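Q: Below is structure_36.pdb; it holds PDB, C-alpha atoms.
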ATOM      1  CA  MET A   1     -78.008  46.079 -11.125  1.00  0.00           C
ATOM      2  CA  ILE A   2     -79.781  48.057 -13.848  1.00  0.00           C
ATOM      3  CA  HIS A   3     -83.424  47.598 -14.725  1.00  0.00           C
ATOM      4  CA  LYS A   4     -84.260  48.747 -18.251  1.00  0.00           C
ATOM      5  CA  TRP A   5     -87.663  48.883 -19.915  1.00  0.00           C
ATOM      6  CA  ASP A   6     -89.780  50.869 -22.381  1.00  0.00           C
ATOM      7  CA  ILE A   7     -92.216  53.505 -21.186  1.00  0.00           C
ATOM      8  CA  THR A   8     -94.427  56.110 -22.833  1.00  0.00           C
ATOM      9  CA  ILE A   9     -95.074  59.747 -21.952  1.00  0.00           C
ATOM     10  CA  PRO A  10     -98.531  60.372 -23.442  1.00  0.00           C
ATOM     11  CA  GLU A  11     -98.478  64.066 -22.511  1.00  0.00           C
ATOM     12  CA  LEU A  12     -95.367  64.609 -24.610  1.00  0.00           C
ATOM     13  CA  THR A  13     -94.997  61.932 -27.289  1.00  0.00           C
ATOM     14  CA  GLY A  14     -98.199  59.889 -27.224  1.00  0.00           C
ATOM     15  CA  ASP A  15     -97.685  56.139 -27.386  1.00  0.00           C
ATOM     16  CA  GLU A  16     -94.139  56.358 -28.734  1.00  0.00           C
ATOM     17  CA  PRO A  17     -91.867  54.254 -26.488  1.00  0.00           C
ATOM     18  CA  ARG A  18     -88.660  55.461 -24.921  1.00  0.00           C
ATOM     19  CA  ARG A  19     -86.304  53.746 -22.491  1.00  0.00           C
ATOM     20  CA  ALA A  20     -86.237  54.063 -18.734  1.00  0.00           C
ATOM     21  CA  TYR A  21     -83.309  52.929 -16.575  1.00  0.00           C
ATOM     22  CA  VAL A  22     -83.056  52.354 -12.839  1.00  0.00           C
ATOM     23  CA  TYR A  23     -79.815  51.412 -11.107  1.00  0.00           C
ATOM     24  CA  VAL A  24     -80.108  49.720  -7.697  1.00  0.00           C
ATOM     25  CA  PRO A  25     -77.011  48.834  -5.627  1.00  0.00           C
ATOM     26  CA  GLY A  26     -76.270  45.150  -6.031  1.00  0.00           C
ATOM     27  CA  TRP A  27     -75.685  44.651  -2.322  1.00  0.00           C
ATOM     28  CA  TRP A  28     -79.317  45.566  -1.630  1.00  0.00           C
ATOM     29  CA  GLU A  29     -80.203  41.902  -2.177  1.00  0.00           C
ATOM     30  CA  GLU A  30     -78.104  41.025   0.878  1.00  0.00           C
ATOM     31  CA  ASP A  31     -80.054  43.520   2.996  1.00  0.00           C
ATOM     32  CA  PRO A  32     -83.547  43.837   1.468  1.00  0.00           C
ATOM     33  CA  GLU A  33     -84.707  46.147   4.256  1.00  0.00           C
ATOM     34  CA  GLN A  34     -82.240  48.803   3.123  1.00  0.00           C
ATOM     35  CA  ARG A  35     -83.641  51.931   1.463  1.00  0.00           C
ATOM     36  CA  PHE A  36     -81.751  54.456  -0.681  1.00  0.00           C
ATOM     37  CA  PRO A  37     -81.928  58.093  -1.802  1.00  0.00           C
ATOM     38  CA  VAL A  38     -82.738  58.557  -5.485  1.00  0.00           C
ATOM     39  CA  LEU A  39     -80.980  60.599  -8.152  1.00  0.00           C
ATOM     40  CA  TYR A  40     -83.176  61.314 -11.186  1.00  0.00           C
ATOM     41  CA  MET A  41     -81.297  62.072 -14.397  1.00  0.00           C
ATOM     42  CA  PHE A  42     -82.099  63.459 -17.834  1.00  0.00           C
ATOM     43  CA  ASP A  43     -80.836  61.953 -21.122  1.00  0.00           C
ATOM     44  CA  GLY A  44     -81.054  58.479 -19.642  1.00  0.00           C
ATOM     45  CA  HIS A  45     -79.707  56.823 -22.785  1.00  0.00           C
ATOM     46  CA  ASN A  46     -76.356  58.573 -22.157  1.00  0.00           C
ATOM     47  CA  VAL A  47     -76.037  57.650 -18.480  1.00  0.00           C
ATOM     48  CA  PHE A  48     -75.126  53.941 -18.362  1.00  0.00           C
ATOM     49  CA  PHE A  49     -74.404  52.196 -21.661  1.00  0.00           C
ATOM     50  CA  ASP A  50     -72.147  53.205 -24.547  1.00  0.00           C
ATOM     51  CA  GLU A  51     -74.285  51.212 -26.977  1.00  0.00           C
ATOM     52  CA  ASP A  52     -77.327  53.353 -26.100  1.00  0.00           C
ATOM     53  CA  ALA A  53     -75.530  56.705 -26.027  1.00  0.00           C
ATOM     54  CA  THR A  54     -76.140  59.267 -28.754  1.00  0.00           C
ATOM     55  CA  TYR A  55     -72.465  59.549 -29.706  1.00  0.00           C
ATOM     56  CA  GLY A  56     -71.319  56.090 -28.572  1.00  0.00           C
ATOM     57  CA  LYS A  57     -69.942  57.288 -25.210  1.00  0.00           C
ATOM     58  CA  SER A  58     -71.937  57.210 -21.975  1.00  0.00           C
ATOM     59  CA  TRP A  59     -71.218  58.702 -18.566  1.00  0.00           C
ATOM     60  CA  GLY A  60     -70.293  55.262 -17.235  1.00  0.00           C
ATOM     61  CA  MET A  61     -72.398  55.763 -14.109  1.00  0.00           C
ATOM     62  CA  LYS A  62     -72.860  52.044 -13.543  1.00  0.00           C
ATOM     63  CA  GLU A  63     -69.134  51.360 -13.297  1.00  0.00           C
ATOM     64  CA  TYR A  64     -68.560  54.262 -10.928  1.00  0.00           C
ATOM     65  CA  LEU A  65     -71.471  53.382  -8.647  1.00  0.00           C
ATOM     66  CA  GLU A  66     -70.424  49.742  -8.490  1.00  0.00           C
ATOM     67  CA  TYR A  67     -66.754  50.610  -7.860  1.00  0.00           C
ATOM     68  CA  THR A  68     -67.617  52.960  -4.993  1.00  0.00           C
ATOM     69  CA  ASP A  69     -70.559  50.963  -3.579  1.00  0.00           C
ATOM     70  CA  ALA A  70     -72.478  54.231  -3.506  1.00  0.00           C
ATOM     71  CA  PRO A  71     -75.728  53.931  -1.509  1.00  0.00           C
ATOM     72  CA  LEU A  72     -77.807  55.483  -4.252  1.00  0.00           C
ATOM     73  CA  ILE A  73     -80.539  54.590  -6.735  1.00  0.00           C
ATOM     74  CA  VAL A  74     -80.266  56.328 -10.116  1.00  0.00           C
ATOM     75  CA  ALA A  75     -83.404  56.627 -12.251  1.00  0.00           C
ATOM     76  CA  ALA A  76     -83.085  58.027 -15.770  1.00  0.00           C
ATOM     77  CA  VAL A  77     -85.279  58.427 -18.840  1.00  0.00           C
ATOM     78  CA  GLU A  78     -84.336  58.704 -22.503  1.00  0.00           C
ATOM     79  CA  CYS A  79     -84.872  62.110 -24.088  1.00  0.00           C
ATOM     80  CA  ASN A  80     -87.197  62.955 -26.955  1.00  0.00           C
ATOM     81  CA  ARG A  81     -85.223  62.228 -30.136  1.00  0.00           C
ATOM     82  CA  HIS A  82     -87.576  63.818 -32.641  1.00  0.00           C
ATOM     83  CA  PRO A  83     -85.532  65.703 -35.269  1.00  0.00           C
ATOM     84  CA  ASP A  84     -87.763  68.767 -34.954  1.00  0.00           C
ATOM     85  CA  ASN A  85     -86.010  69.948 -31.767  1.00  0.00           C
ATOM     86  CA  GLY A  86     -87.869  67.426 -29.604  1.00  0.00           C
ATOM     87  CA  ARG A  87     -85.168  67.324 -26.950  1.00  0.00           C
ATOM     88  CA  LEU A  88     -84.747  71.104 -26.832  1.00  0.00           C
ATOM     89  CA  SER A  89     -88.487  71.540 -26.379  1.00  0.00           C
ATOM     90  CA  GLU A  90     -88.882  68.984 -23.598  1.00  0.00           C
ATOM     91  CA  TYR A  91     -85.791  70.209 -21.789  1.00  0.00           C
ATOM     92  CA  SER A  92     -86.561  73.927 -21.806  1.00  0.00           C
ATOM     93  CA  PRO A  93     -88.804  75.665 -19.262  1.00  0.00           C
ATOM     94  CA  PHE A  94     -89.192  78.577 -21.703  1.00  0.00           C
ATOM     95  CA  ASN A  95     -90.055  79.266 -25.317  1.00  0.00           C
ATOM     96  CA  PHE A  96     -86.922  80.445 -27.087  1.00  0.00           C
ATOM     97  CA  ARG A  97     -85.442  81.315 -30.465  1.00  0.00           C
ATOM     98  CA  TYR A  98     -83.145  78.754 -32.054  1.00  0.00           C
ATOM     99  CA  GLU A  99     -81.208  78.931 -35.309  1.00  0.00           C
ATOM    100  CA  ARG A 100     -82.138  82.596 -35.767  1.00  0.00           C
ATOM    101  CA  PHE A 101     -85.767  82.444 -36.804  1.00  0.00           C
ATOM    102  CA  LYS A 102     -87.166  79.218 -35.369  1.00  0.00           C
ATOM    103  CA  THR A 103     -89.139  79.313 -32.108  1.00  0.00           C
ATOM    104  CA  VAL A 104     -88.843  76.256 -29.883  1.00  0.00           C
ATOM    105  CA  PRO A 105     -91.815  75.797 -27.538  1.00  0.00           C
ATOM    106  CA  GLY A 106     -90.634  75.145 -24.005  1.00  0.00           C
ATOM    107  CA  ARG A 107     -92.347  72.077 -22.561  1.00  0.00           C
ATOM    108  CA  GLY A 108     -90.145  71.758 -19.490  1.00  0.00           C
ATOM    109  CA  LYS A 109     -93.094  72.130 -17.141  1.00  0.00           C
ATOM    110  CA  ALA A 110     -94.941  69.253 -18.814  1.00  0.00           C
ATOM    111  CA  THR A 111     -91.754  67.187 -18.580  1.00  0.00           C
ATOM    112  CA  MET A 112     -91.393  67.857 -14.858  1.00  0.00           C
ATOM    113  CA  GLU A 113     -95.083  67.231 -14.197  1.00  0.00           C
ATOM    114  CA  TRP A 114     -94.612  63.771 -15.702  1.00  0.00           C
ATOM    115  CA  PHE A 115     -91.382  63.163 -13.774  1.00  0.00           C
ATOM    116  CA  THR A 116     -92.898  64.146 -10.443  1.00  0.00           C
ATOM    117  CA  LYS A 117     -96.442  62.800 -10.804  1.00  0.00           C
ATOM    118  CA  VAL A 118     -95.894  59.645 -12.874  1.00  0.00           C
ATOM    119  CA  PHE A 119     -92.264  58.507 -12.968  1.00  0.00           C
ATOM    120  CA  LYS A 120     -91.275  59.241  -9.372  1.00  0.00           C
ATOM    121  CA  PRO A 121     -94.324  57.447  -7.899  1.00  0.00           C
ATOM    122  CA  LEU A 122     -93.557  54.473 -10.141  1.00  0.00           C
ATOM    123  CA  VAL A 123     -89.930  54.336  -8.985  1.00  0.00           C
ATOM    124  CA  ASP A 124     -90.976  54.699  -5.339  1.00  0.00           C
ATOM    125  CA  GLU A 125     -93.474  51.852  -5.707  1.00  0.00           C
ATOM    126  CA  GLU A 126     -91.201  49.418  -7.539  1.00  0.00           C
ATOM    127  CA  PHE A 127     -87.787  50.056  -5.949  1.00  0.00           C
ATOM    128  CA  PRO A 128     -86.334  50.400  -2.415  1.00  0.00           C
ATOM    129  CA  THR A 129     -86.337  54.191  -2.266  1.00  0.00           C
ATOM    130  CA  LEU A 130     -86.344  56.807   0.438  1.00  0.00           C
ATOM    131  CA  PRO A 131     -89.108  58.892  -1.162  1.00  0.00           C
ATOM    132  CA  GLY A 132     -88.910  62.097   0.873  1.00  0.00           C
ATOM    133  CA  ARG A 133     -87.625  65.437  -0.385  1.00  0.00           C
ATOM    134  CA  GLU A 134     -84.392  65.224   1.621  1.00  0.00           C
ATOM    135  CA  ASP A 135     -83.528  62.012  -0.247  1.00  0.00           C
ATOM    136  CA  THR A 136     -84.602  63.057  -3.760  1.00  0.00           C
ATOM    137  CA  PHE A 137     -82.079  64.627  -6.152  1.00  0.00           C
ATOM    138  CA  ILE A 138     -81.928  65.483  -9.856  1.00  0.00           C
ATOM    139  CA  ALA A 139     -79.084  65.939 -12.367  1.00  0.00           C
ATOM    140  CA  GLY A 140     -78.323  66.550 -16.009  1.00  0.00           C
ATOM    141  CA  SER A 141     -75.995  68.229 -18.468  1.00  0.00           C
ATOM    142  CA  SER A 142     -76.428  70.913 -21.109  1.00  0.00           C
ATOM    143  CA  MET A 143     -80.206  71.298 -21.600  1.00  0.00           C
ATOM    144  CA  GLY A 144     -80.563  68.643 -18.897  1.00  0.00           C
ATOM    145  CA  GLY A 145     -78.463  70.902 -16.682  1.00  0.00           C
ATOM    146  CA  LEU A 146     -80.879  73.765 -17.291  1.00  0.00           C
ATOM    147  CA  MET A 147     -83.777  71.446 -16.447  1.00  0.00           C
ATOM    148  CA  SER A 148     -82.064  70.312 -13.248  1.00  0.00           C
ATOM    149  CA  LEU A 149     -81.740  73.918 -12.161  1.00  0.00           C
ATOM    150  CA  TYR A 150     -85.388  74.539 -13.056  1.00  0.00           C
ATOM    151  CA  ALA A 151     -86.509  71.419 -11.192  1.00  0.00           C
ATOM    152  CA  LEU A 152     -84.565  72.343  -8.068  1.00  0.00           C
ATOM    153  CA  LEU A 153     -86.089  75.824  -7.906  1.00  0.00           C
ATOM    154  CA  GLU A 154     -89.626  75.273  -9.205  1.00  0.00           C
ATOM    155  CA  TYR A 155     -90.135  71.802  -7.703  1.00  0.00           C
ATOM    156  CA  ASN A 156     -88.181  72.455  -4.526  1.00  0.00           C
ATOM    157  CA  HIS A 157     -90.853  70.714  -2.479  1.00  0.00           C
ATOM    158  CA  ILE A 158     -89.765  67.485  -4.196  1.00  0.00           C
ATOM    159  CA  PHE A 159     -86.018  67.906  -4.909  1.00  0.00           C
ATOM    160  CA  SER A 160     -83.611  69.083  -2.212  1.00  0.00           C
ATOM    161  CA  ARG A 161     -80.382  68.786  -4.210  1.00  0.00           C
ATOM    162  CA  ALA A 162     -79.371  69.005  -7.865  1.00  0.00           C
ATOM    163  CA  ALA A 163     -76.371  68.843 -10.177  1.00  0.00           C
ATOM    164  CA  ALA A 164     -76.372  71.092 -13.262  1.00  0.00           C
ATOM    165  CA  LEU A 165     -73.391  70.317 -15.496  1.00  0.00           C
ATOM    166  CA  SER A 166     -72.736  72.784 -18.320  1.00  0.00           C
ATOM    167  CA  PRO A 167     -76.265  74.209 -17.984  1.00  0.00           C
ATOM    168  CA  SER A 168     -77.618  75.863 -21.132  1.00  0.00           C
ATOM    169  CA  LEU A 169     -78.176  79.305 -19.630  1.00  0.00           C
ATOM    170  CA  TRP A 170     -78.088  80.774 -23.146  1.00  0.00           C
ATOM    171  CA  VAL A 171     -81.696  79.629 -23.576  1.00  0.00           C
ATOM    172  CA  ALA A 172     -83.928  82.667 -22.988  1.00  0.00           C
ATOM    173  CA  PRO A 173     -81.362  84.274 -20.644  1.00  0.00           C
ATOM    174  CA  GLY A 174     -83.750  86.979 -19.467  1.00  0.00           C
ATOM    175  CA  LYS A 175     -86.366  84.396 -18.484  1.00  0.00           C
ATOM    176  CA  ALA A 176     -83.725  82.221 -16.811  1.00  0.00           C
ATOM    177  CA  GLU A 177     -82.487  85.153 -14.736  1.00  0.00           C
ATOM    178  CA  ALA A 178     -86.058  86.016 -13.757  1.00  0.00           C
ATOM    179  CA  MET A 179     -86.583  82.421 -12.618  1.00  0.00           C
ATOM    180  CA  LEU A 180     -83.508  82.624 -10.400  1.00  0.00           C
ATOM    181  CA  ARG A 181     -84.512  85.967  -8.926  1.00  0.00           C
ATOM    182  CA  SER A 182     -88.043  84.828  -8.096  1.00  0.00           C
ATOM    183  CA  ALA A 183     -86.980  81.520  -6.509  1.00  0.00           C
ATOM    184  CA  ARG A 184     -87.794  80.889  -2.859  1.00  0.00           C
ATOM    185  CA  PRO A 185     -86.039  77.589  -2.132  1.00  0.00           C
ATOM    186  CA  ALA A 186     -85.855  75.963   1.280  1.00  0.00           C
ATOM    187  CA  ALA A 187     -82.800  76.765   3.385  1.00  0.00           C
ATOM    188  CA  ASP A 188     -81.283  73.290   2.934  1.00  0.00           C
ATOM    189  CA  THR A 189     -81.286  73.432  -0.896  1.00  0.00           C
ATOM    190  CA  VAL A 190     -77.976  72.302  -2.433  1.00  0.00           C
ATOM    191  CA  LEU A 191     -76.737  72.819  -5.997  1.00  0.00           C
ATOM    192  CA  TYR A 192     -73.630  71.548  -7.744  1.00  0.00           C
ATOM    193  CA  MET A 193     -72.958  73.495 -10.948  1.00  0.00           C
ATOM    194  CA  ASP A 194     -69.967  73.493 -13.279  1.00  0.00           C
ATOM    195  CA  TYR A 195     -68.771  74.566 -16.702  1.00  0.00           C
ATOM    196  CA  GLY A 196     -65.756  73.428 -18.703  1.00  0.00           C
ATOM    197  CA  SER A 197     -62.922  75.861 -19.336  1.00  0.00           C
ATOM    198  CA  ARG A 198     -62.961  74.973 -23.042  1.00  0.00           C
ATOM    199  CA  GLU A 199     -66.669  75.736 -23.165  1.00  0.00           C
ATOM    200  CA  LEU A 200     -66.009  79.155 -21.641  1.00  0.00           C
ATOM    201  CA  ALA A 201     -63.469  79.818 -24.358  1.00  0.00           C
ATOM    202  CA  ASN A 202     -66.171  79.184 -26.967  1.00  0.00           C
ATOM    203  CA  HIS A 203     -68.880  81.299 -25.314  1.00  0.00           C
ATOM    204  CA  ALA A 204     -67.671  84.782 -24.489  1.00  0.00           C
ATOM    205  CA  HIS A 205     -70.621  85.791 -22.330  1.00  0.00           C
ATOM    206  CA  THR A 206     -71.068  82.542 -20.432  1.00  0.00           C
ATOM    207  CA  LEU A 207     -68.704  83.338 -17.563  1.00  0.00           C
ATOM    208  CA  ARG A 208     -70.555  86.563 -16.867  1.00  0.00           C
ATOM    209  CA  SER A 209     -73.969  84.862 -16.906  1.00  0.00           C
ATOM    210  CA  LEU A 210     -72.676  82.044 -14.700  1.00  0.00           C
ATOM    211  CA  GLY A 211     -71.298  84.551 -12.233  1.00  0.00           C
ATOM    212  CA  ARG A 212     -74.629  86.358 -12.047  1.00  0.00           C
ATOM    213  CA  ALA A 213     -76.476  83.058 -11.662  1.00  0.00           C
ATOM    214  CA  VAL A 214     -74.252  81.893  -8.798  1.00  0.00           C
ATOM    215  CA  GLN A 215     -74.548  85.245  -7.023  1.00  0.00           C
ATOM    216  CA  THR A 216     -78.336  85.249  -7.352  1.00  0.00           C
ATOM    217  CA  LEU A 217     -78.594  81.671  -6.087  1.00  0.00           C
ATOM    218  CA  LEU A 218     -76.398  82.469  -3.098  1.00  0.00           C
ATOM    219  CA  GLU A 219     -78.585  85.482  -2.324  1.00  0.00           C
ATOM    220  CA  ARG A 220     -81.592  83.144  -2.387  1.00  0.00           C
ATOM    221  CA  GLY A 221     -79.939  80.923   0.210  1.00  0.00           C
ATOM    222  CA  VAL A 222     -78.963  78.042  -2.081  1.00  0.00           C
ATOM    223  CA  LEU A 223     -75.818  76.215  -0.961  1.00  0.00           C
ATOM    224  CA  VAL A 224     -73.860  76.351  -4.224  1.00  0.00           C
ATOM    225  CA  ASP A 225     -70.808  74.290  -5.135  1.00  0.00           C
ATOM    226  CA  PHE A 226     -69.548  75.854  -8.389  1.00  0.00           C
ATOM    227  CA  ARG A 227     -66.528  74.765 -10.433  1.00  0.00           C
ATOM    228  CA  VAL A 228     -64.819  75.708 -13.655  1.00  0.00           C
ATOM    229  CA  VAL A 229     -63.506  72.352 -14.889  1.00  0.00           C
ATOM    230  CA  PRO A 230     -59.896  72.604 -16.130  1.00  0.00           C
ATOM    231  CA  GLY A 231     -59.895  71.396 -19.738  1.00  0.00           C
ATOM    232  CA  GLY A 232     -63.559  70.477 -19.530  1.00  0.00           C
ATOM    233  CA  ASP A 233     -65.635  70.465 -22.706  1.00  0.00           C
ATOM    234  CA  HIS A 234     -69.212  69.763 -23.774  1.00  0.00           C
ATOM    235  CA  SER A 235     -69.182  65.972 -23.946  1.00  0.00           C
ATOM    236  CA  GLU A 236     -70.174  62.834 -22.073  1.00  0.00           C
ATOM    237  CA  ALA A 237     -66.497  61.970 -21.580  1.00  0.00           C
ATOM    238  CA  SER A 238     -65.938  65.269 -19.775  1.00  0.00           C
ATOM    239  CA  TRP A 239     -69.103  64.957 -17.687  1.00  0.00           C
ATOM    240  CA  GLU A 240     -68.112  61.413 -16.714  1.00  0.00           C
ATOM    241  CA  ARG A 241     -64.965  62.820 -15.102  1.00  0.00           C
ATOM    242  CA  GLN A 242     -67.126  65.087 -12.943  1.00  0.00           C
ATOM    243  CA  ILE A 243     -69.105  62.225 -11.368  1.00  0.00           C
ATOM    244  CA  PRO A 244     -66.968  62.111  -8.184  1.00  0.00           C
ATOM    245  CA  PHE A 245     -67.381  65.858  -7.702  1.00  0.00           C
ATOM    246  CA  PHE A 246     -71.130  66.149  -8.122  1.00  0.00           C
ATOM    247  CA  LEU A 247     -71.954  62.930  -6.275  1.00  0.00           C
ATOM    248  CA  ASN A 248     -69.823  64.088  -3.371  1.00  0.00           C
ATOM    249  CA  THR A 249     -71.908  67.270  -3.235  1.00  0.00           C
ATOM    250  CA  LEU A 250     -75.226  65.444  -3.548  1.00  0.00           C
ATOM    251  CA  LEU A 251     -74.333  62.939  -0.825  1.00  0.00           C
ATOM    252  CA  TYR A 252     -72.263  65.278   1.374  1.00  0.00           C
ATOM    253  CA  GLY A 253     -73.222  65.250   5.035  1.00  0.00           C
ATOM    254  CA  ARG A 254     -75.357  62.140   4.740  1.00  0.00           C
ATOM    255  CA  GLU A 255     -74.721  59.235   7.074  1.00  0.00           C
TER     256      GLU A 255
END
Can I see the file as structure tokens?
A:
Amino acid sequence: MIHKWDITIPELTGDEPRRAYVYVPGWWEEDPEQRFPVLYMFDGHNVFFDEDATYGKSWGMKEYLEYTDAPLIVAAVECNRHPDNGRLSEYSPFNFRYERFKTVPGRGKATMEWFTKVFKPLVDEEFPTLPGREDTFIAGSSMGGLMSLYALLEYNHIFSRAAALSPSLWVAPGKAEAMLRSARPAADTVLYMDYGSRELANHAHTLRSLGRAVQTLLERGVLVDFRVVPGGDHSEASWERQIPFFLNTLLYGRE
């Protein structure tokens, strides 16, 4: 069952509405005392419905969750669609240069403050969640993958596990590396991270930066599950095929 409604994020886009989505396992109605861990996701419009997706193809999360009866709530919010790099700004923890001379202001902290102080409390109040850190995860792809990594490290008191698919580590690489080096996550922190082999072919320095990122995270005690996806590219269709892999990591070891 998916609940869908309009919300506003005054700190970021004033009174402009955007869509929020929350998936709750259908069998919860048969056992209303049941409570579930929660996976928060970026780019919510691309998560469930093809008709809402930017390029007409979603991740198909609803079909996978229903098919597997996964004991998981998924809460997702539409990105900022402003043509003046609204999404890049909201999904970057850092200011960075884009298209040679244009500076994009990083508003990732403001985005996460809203997620953790407004959206998460709302989801916990309205839906049958397990609200503690050990049951709170976050995931995204591309810029959303970068934000998931940022959220896991900088908001580690809230998120214990994350999935960063095709994370945009090219954004302010020096600042991203500094963030990884300065992280002090809890010992039970888990990260799934991947990158498509076709993406690597298009970005000569990505493999090196990914290798450094994984090594640094391991040195910080993060339990990292890293994959290079054979034939994977930068698209919702490719990320959809990774759902079994990253959900297995997020839910691994849970009863």
Q: Give as a ChimeraX atom specification the residues that the PyMOL selection byres ((chain A and resi 49) around 9) matches when applied to the coordinates above.
A: /A:45-48,50-53,56-62
Q: The selected residues should be written to file as a compact mmCIF listing (two decimals), keeping the file's coordinate frame (atoms: C-alpha atoms).
A:
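Written out: again.txt:
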# COMPACT_ATOMS: atom_id res chain seq x y z
CA HIS A 45 -79.71 56.82 -22.78
CA ASN A 46 -76.36 58.57 -22.16
CA VAL A 47 -76.04 57.65 -18.48
CA PHE A 48 -75.13 53.94 -18.36
CA ASP A 50 -72.15 53.20 -24.55
CA GLU A 51 -74.28 51.21 -26.98
CA ASP A 52 -77.33 53.35 -26.10
CA ALA A 53 -75.53 56.70 -26.03
CA GLY A 56 -71.32 56.09 -28.57
CA LYS A 57 -69.94 57.29 -25.21
CA SER A 58 -71.94 57.21 -21.98
CA TRP A 59 -71.22 58.70 -18.57
CA GLY A 60 -70.29 55.26 -17.24
CA MET A 61 -72.40 55.76 -14.11
CA LYS A 62 -72.86 52.04 -13.54
Q: Expand the PyMOL selection byres ((chain A and resi 230) around 8) into the explicit residue set it covers here, and present it as a list in words.
A: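 Applying the expression gives Gly196, Ser197, Arg198, Val228, Val229, Gly231 and Gly232 of chain A.
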Q: Could you tell me how far CA of Gly174 in chain A sits from CA of Glu199 in chain A, in Å to one decimal place?
A: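 Computing it gives 20.8 Å between the two atoms.
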Q: Just the residues within 8 Å of range 247-249 of chain A, please, counting all atoms listed in the file, with nothing from its chain fewer than 3 positions along; format it as number ranges by chain.
A: A: 190-192, 225, 243-244, 252
Q: Got a sec to resolve the PyMOL selection byres ((chain A and resi 214) around 10) on this structure and send the residues as a list in words?
A: Leu180, Leu191, Met193, Ser209, Leu210, Gly211, Arg212, Ala213, Gln215, Thr216, Leu217, Leu218, Glu219, Arg220, Val222, Leu223, Val224, Asp225 and Phe226 of chain A
Q: I'd like to know which of A:Gly221, A:Ser142, A:Met147, A:Ile158 is closest to Asp194 in chain A, using all atoms listed in the file.
A: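 Checking each candidate against Asp194 in chain A, we get A:Ser142 as the closest.
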Q: Given the point (-80.6, 61.5, 1.4) in the file's coordinates, find the residues that have an atom at most 6 Å from it, counting all atoms listed in the file, and give them as a PyMOL selection string.
A: chain A and resi 37+134-135
Q: Using CA of Ile138 in chain A and CA of Gly86 in chain A as the two end points, give the distance in Å to one decimal.
A: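 Going from CA of Ile138 in chain A over to CA of Gly86 in chain A covers 20.7 Å.
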Q: For Asn85 in chain A, list every protein, DNA or RNA residue within 12 Å, evaluated using all atoms listed in the file, and leave out those in the same chain fewer than 2 positions away; present the list as a short mmCIF file (atom, residue, chain, number, x, y, z; two decimals) with C-alpha atoms, in the frame of the given file.
A:
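Saved the output as selection-v5.cif:
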data_model
loop_
_atom_site.label_atom_id
_atom_site.label_comp_id
_atom_site.auth_asym_id
_atom_site.auth_seq_id
_atom_site.Cartn_x
_atom_site.Cartn_y
_atom_site.Cartn_z
CA CYS A 79 -84.87 62.11 -24.09
CA ASN A 80 -87.20 62.96 -26.96
CA ARG A 81 -85.22 62.23 -30.14
CA HIS A 82 -87.58 63.82 -32.64
CA PRO A 83 -85.53 65.70 -35.27
CA ARG A 87 -85.17 67.32 -26.95
CA LEU A 88 -84.75 71.10 -26.83
CA SER A 89 -88.49 71.54 -26.38
CA GLU A 90 -88.88 68.98 -23.60
CA TYR A 91 -85.79 70.21 -21.79
CA SER A 92 -86.56 73.93 -21.81
CA PHE A 96 -86.92 80.44 -27.09
CA ARG A 97 -85.44 81.32 -30.46
CA TYR A 98 -83.14 78.75 -32.05
CA GLU A 99 -81.21 78.93 -35.31
CA LYS A 102 -87.17 79.22 -35.37
CA THR A 103 -89.14 79.31 -32.11
CA VAL A 104 -88.84 76.26 -29.88
CA PRO A 105 -91.82 75.80 -27.54
CA GLY A 106 -90.63 75.14 -24.00
CA ARG A 107 -92.35 72.08 -22.56
CA MET A 143 -80.21 71.30 -21.60
#
Q: So that I can see what lies close to Asn156 in chain A, please list as an mmCIF file with C-alpha atoms, in the frame of the given file the residues with an atom at most 9 Å from it, counting all atoms listed in the file and leaving out residues fewer than 3 positions away in the same chain.
A:
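The resulting result34.cif:
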data_model
loop_
_atom_site.group_PDB
_atom_site.id
_atom_site.type_symbol
_atom_site.label_atom_id
_atom_site.label_comp_id
_atom_site.auth_asym_id
_atom_site.auth_seq_id
_atom_site.Cartn_x
_atom_site.Cartn_y
_atom_site.Cartn_z
ATOM 1 C CA ARG A 133 -87.625 65.437 -0.385
ATOM 2 C CA ALA A 151 -86.509 71.419 -11.192
ATOM 3 C CA LEU A 152 -84.565 72.343 -8.068
ATOM 4 C CA LEU A 153 -86.089 75.824 -7.906
ATOM 5 C CA PHE A 159 -86.018 67.906 -4.909
ATOM 6 C CA SER A 160 -83.611 69.083 -2.212
ATOM 7 C CA ARG A 161 -80.382 68.786 -4.210
ATOM 8 C CA ARG A 184 -87.794 80.889 -2.859
ATOM 9 C CA PRO A 185 -86.039 77.589 -2.132
ATOM 10 C CA ALA A 186 -85.855 75.963 1.280
ATOM 11 C CA THR A 189 -81.286 73.432 -0.896
#
Q: For Leu130 in chain A, find every residue with an atom within 12 Å (counting only C-alpha atoms), except residues of its own chain fewer than 4 positions away, and show them as a list in words.
A: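 Near Leu130 in chain A, the qualifying residues are Glu33, Gln34, Arg35, Phe36, Pro37, Val38, Leu39, Pro71, Leu72, Ile73, Lys120, Pro121, Val123, Asp124, Glu125, Glu126, Glu134, Asp135, Thr136 and Phe137 of chain A.
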Q: Using only C-alpha atoms, can you tell me which of A:Ala75, A:Pro128, A:Phe246, A:Glu11 comes closest to Gly108 in chain A?
A: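 Residue with the minimum atom-to-atom distance to Gly108 in chain A: A:Glu11.
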Q: For a test of reading the model, state the distance in Å between CA of Ala76 in chain A and CA of Met41 in chain A, rounded to one decimal.
A: 4.6 Å
Q: Taking 3 positions as the minimum chain separation for residues in the same chain, which residues sit within 10 Å of Ser168 in chain A when counting only C-alpha atoms? Answer as a list in words.
A: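 Contacts, with the query itself left out: Tyr91, Ser92, Ser141, Ser142, Met143, Gly144, Gly145, Leu146, Met147, Ala164, Leu165, Val171, Ala172, Pro173, Ala176, Tyr195 and Thr206 of chain A.
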Q: Pick the closest to Trp114 in chain A from A:Leu12, A:Ala178, A:Arg254, A:Glu240: which is it, counting all atoms listed in the file?
A: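 Checking each candidate against Trp114 in chain A, we get A:Leu12 as the closest.
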